[in-house]
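Undergrad: First, the structure itself, so that you have it in front of you.
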Amino acid sequence: MSSAVHENVKNYYGSRLETSDDLQTNAACVMPSRPLPKSACEALKQVHPDVCKRYFGCGLVIPEKLEGCTVLDLGSGSGRDCYVLSKLVGERGRVIGLDMTDEMIVASQKYVQYHQEMFGYSKPNTVFVKGYMEKLSDAGIQNNSLDVVVSNCVICLCPDKRTVISEAYKVLKEGGELYYSDMYASKVVPDSFKEDPVLWGEGMAGALYWRDLITLMNDIGFSTPHLVAGSHIVVHNPEIQRKTGNLFVSFLLFKKKILMLPLTFIYGNSIIAEPRLFSCAFVLFCHLEASRCIKV
């Protein structure tokens, strides 16, 4: 499964980056236009400082109500988001953090007991497994087993995004949801960028043109992505700025919530999805057929 890109990213996040201050952009410290739910903010305050120090994401986006859910975090890194989720799903829920980097798995596993005790659980509800997002079954993650999949600025590090999104679709239950933040380009990224290991590590070389995301999601079977919040990414490193020019001036941080379209659950002429997992106050209508729709 491993490729040259995977090995470069492993080295970048496993050895080169010690803290979020080592990143060459402001992605890890960008303030989203939409704040986290209060429950997530409170949970974040309880996460161990050493875990937060190695946070390399660009914005956590999650539902407000996750009690009892099973959640997968793609590219879990130091485990910061997993521990926030651990608090939100409660003792009856389950959180799985997946990462391909040995150093990140070791670092995140170190604090499982700490957070179990912090949250007052009788046993851990969080596990970290090594594996690739492109082959979730190899990491022991079964199809149709998850309520929610989340990811925080990691899909841009993967060379094969179609496979990653397809894998997320397969492991979700009917009606399951995908929430993630990522970097996107204002136009198609030149192939020359993909030869630069630093641009790959920073997420720029693998950034998808934002319009292509909509087509990709619909092709795989998800509903159309909905933008929750966006922020510009600022490049700090002059050399990287010189290489990329103005392409990434309008680099956007997207936070999506995407509904996997149910195939059944028909009540009369409508399919009604319970809105307990949705974090935004808007109405979504996804028409499957002329007489059948999902109402959220």
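Ordering of the structure tokens sets the chain letters (A, B, ...); residue numbers start at 1 within each chain; ligands are numbered from 1 in the order shown.
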With 9 Å as the cut-off and only C-alpha atoms counted, what is the closest atom pair between each nearby residue of stretch 73-144 of chain A and stretch 45-55 of chain A? Distances in Å to one decimal, ordered by chain and number, as JSON lines.
TA:
{"residue": "A:Gly77", "atom": "CA", "partner": "A:Tyr55", "partner_atom": "CA", "distance": 7.4}
{"residue": "A:Ser78", "atom": "CA", "partner": "A:Val51", "partner_atom": "CA", "distance": 5.6}
{"residue": "A:Gly79", "atom": "CA", "partner": "A:Val51", "partner_atom": "CA", "distance": 6.6}
{"residue": "A:Arg80", "atom": "CA", "partner": "A:Val51", "partner_atom": "CA", "distance": 5.7}
{"residue": "A:Asp81", "atom": "CA", "partner": "A:Tyr55", "partner_atom": "CA", "distance": 8.9}
{"residue": "A:Tyr83", "atom": "CA", "partner": "A:Val47", "partner_atom": "CA", "distance": 6.5}
{"residue": "A:Val84", "atom": "CA", "partner": "A:Val47", "partner_atom": "CA", "distance": 7.0}
{"residue": "A:Ala107", "atom": "CA", "partner": "A:Val51", "partner_atom": "CA", "distance": 7.8}
{"residue": "A:Ser108", "atom": "CA", "partner": "A:Val51", "partner_atom": "CA", "distance": 7.2}
{"residue": "A:Tyr111", "atom": "CA", "partner": "A:His48", "partner_atom": "CA", "distance": 7.7}
{"residue": "A:Tyr114", "atom": "CA", "partner": "A:His48", "partner_atom": "CA", "distance": 8.0}
{"residue": "A:His115", "atom": "CA", "partner": "A:Val47", "partner_atom": "CA", "distance": 7.2}
{"residue": "A:Met118", "atom": "CA", "partner": "A:Gln46", "partner_atom": "CA", "distance": 7.3}
{"residue": "A:Phe119", "atom": "CA", "partner": "A:Gln46", "partner_atom": "CA", "distance": 8.4}
Undergrad: I'd like the neighbourhood of A:Lys194 as a ChimeraX atom specification, where a residue qualifies if any of its atoms comes within 8 Å (using only C-alpha atoms), though same-chain residues fewer than 5 positions away should be ignored.
TA: /A:199-200,205-206
Undergrad: Write out as number ranges by chain which residues come within 10 Å of A:Thr70 when counting only C-alpha atoms, dropping same-chain ones fewer than 4 positions away.
TA: A: 66, 85-86, 89, 92-96, 125-126, 145-149, 172
Undergrad: Using N, CA, C and O atoms, can you write the selected residues to a file as a short mmCIF file (atom, residue, chain, number, x, y, z; two decimals), in the first residue's frame?
TA:
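Once everything was written out, this is result27.cif:
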data_model
loop_
_atom_site.label_atom_id
_atom_site.label_comp_id
_atom_site.auth_asym_id
_atom_site.auth_seq_id
_atom_site.Cartn_x
_atom_site.Cartn_y
_atom_site.Cartn_z
N LEU A 66 -23.36 13.12 19.57
CA LEU A 66 -22.68 11.89 19.17
C LEU A 66 -22.82 10.78 20.20
O LEU A 66 -22.18 9.74 20.07
N LEU A 85 -13.64 13.50 20.65
CA LEU A 85 -14.74 12.62 20.27
C LEU A 85 -15.03 11.60 21.36
O LEU A 85 -16.19 11.24 21.60
N SER A 86 -13.99 11.13 22.03
CA SER A 86 -14.15 10.17 23.12
C SER A 86 -15.09 10.71 24.19
O SER A 86 -15.95 9.98 24.72
N VAL A 89 -18.88 10.98 22.53
CA VAL A 89 -19.65 9.75 22.28
C VAL A 89 -20.05 9.08 23.58
O VAL A 89 -20.95 8.23 23.60
N ARG A 92 -20.61 4.65 26.25
CA ARG A 92 -21.23 3.63 25.40
C ARG A 92 -20.79 3.73 23.94
O ARG A 92 -21.02 2.83 23.15
N GLY A 93 -20.17 4.85 23.58
CA GLY A 93 -19.70 5.03 22.21
C GLY A 93 -18.32 4.46 22.00
O GLY A 93 -17.69 3.94 22.93
N ARG A 94 -17.84 4.60 20.77
CA ARG A 94 -16.52 4.06 20.44
C ARG A 94 -15.85 4.97 19.42
O ARG A 94 -16.49 5.44 18.48
N VAL A 95 -14.55 5.20 19.62
CA VAL A 95 -13.77 6.03 18.71
C VAL A 95 -12.57 5.23 18.22
O VAL A 95 -11.86 4.61 19.02
N ILE A 96 -12.36 5.27 16.90
CA ILE A 96 -11.20 4.60 16.30
C ILE A 96 -10.36 5.65 15.60
O ILE A 96 -10.85 6.39 14.76
N ASN A 125 -12.75 3.87 25.66
CA ASN A 125 -13.65 3.78 24.50
C ASN A 125 -12.93 4.20 23.22
O ASN A 125 -13.58 4.39 22.18
N THR A 126 -11.61 4.35 23.29
CA THR A 126 -10.83 4.84 22.15
C THR A 126 -9.68 3.89 21.85
O THR A 126 -8.97 3.46 22.78
N SER A 145 -20.14 -0.36 9.37
CA SER A 145 -19.96 -0.49 10.82
C SER A 145 -19.91 0.83 11.57
O SER A 145 -19.90 0.84 12.80
N LEU A 146 -19.88 1.97 10.85
CA LEU A 146 -19.65 3.25 11.51
C LEU A 146 -20.82 4.22 11.33
O LEU A 146 -21.46 4.24 10.28
N ASP A 147 -21.06 5.02 12.37
CA ASP A 147 -22.08 6.05 12.28
C ASP A 147 -21.53 7.32 11.62
O ASP A 147 -22.22 7.98 10.84
N VAL A 148 -20.29 7.66 11.96
CA VAL A 148 -19.68 8.90 11.48
C VAL A 148 -18.21 8.66 11.17
O VAL A 148 -17.51 7.95 11.89
N VAL A 149 -17.74 9.26 10.08
CA VAL A 149 -16.32 9.32 9.76
C VAL A 149 -15.91 10.79 9.76
O VAL A 149 -16.60 11.63 9.18
N LEU A 172 -19.23 3.26 6.31
CA LEU A 172 -20.37 3.91 6.95
C LEU A 172 -21.64 3.07 6.85
O LEU A 172 -21.87 2.38 5.86
#
Undergrad: Quote the spacing between atom CA of A:Lys87 and atom CA of A:Ala43 in Å to one decimal place.
TA: 6.1 Å
Undergrad: Which residues are near A:Ala139? Cut-off 7 Å, only C-alpha atoms, ignore same chain within fewer than 2 positions. Put them as a PyMOL selection string.
TA: chain A and resi 129-131+136-137+141
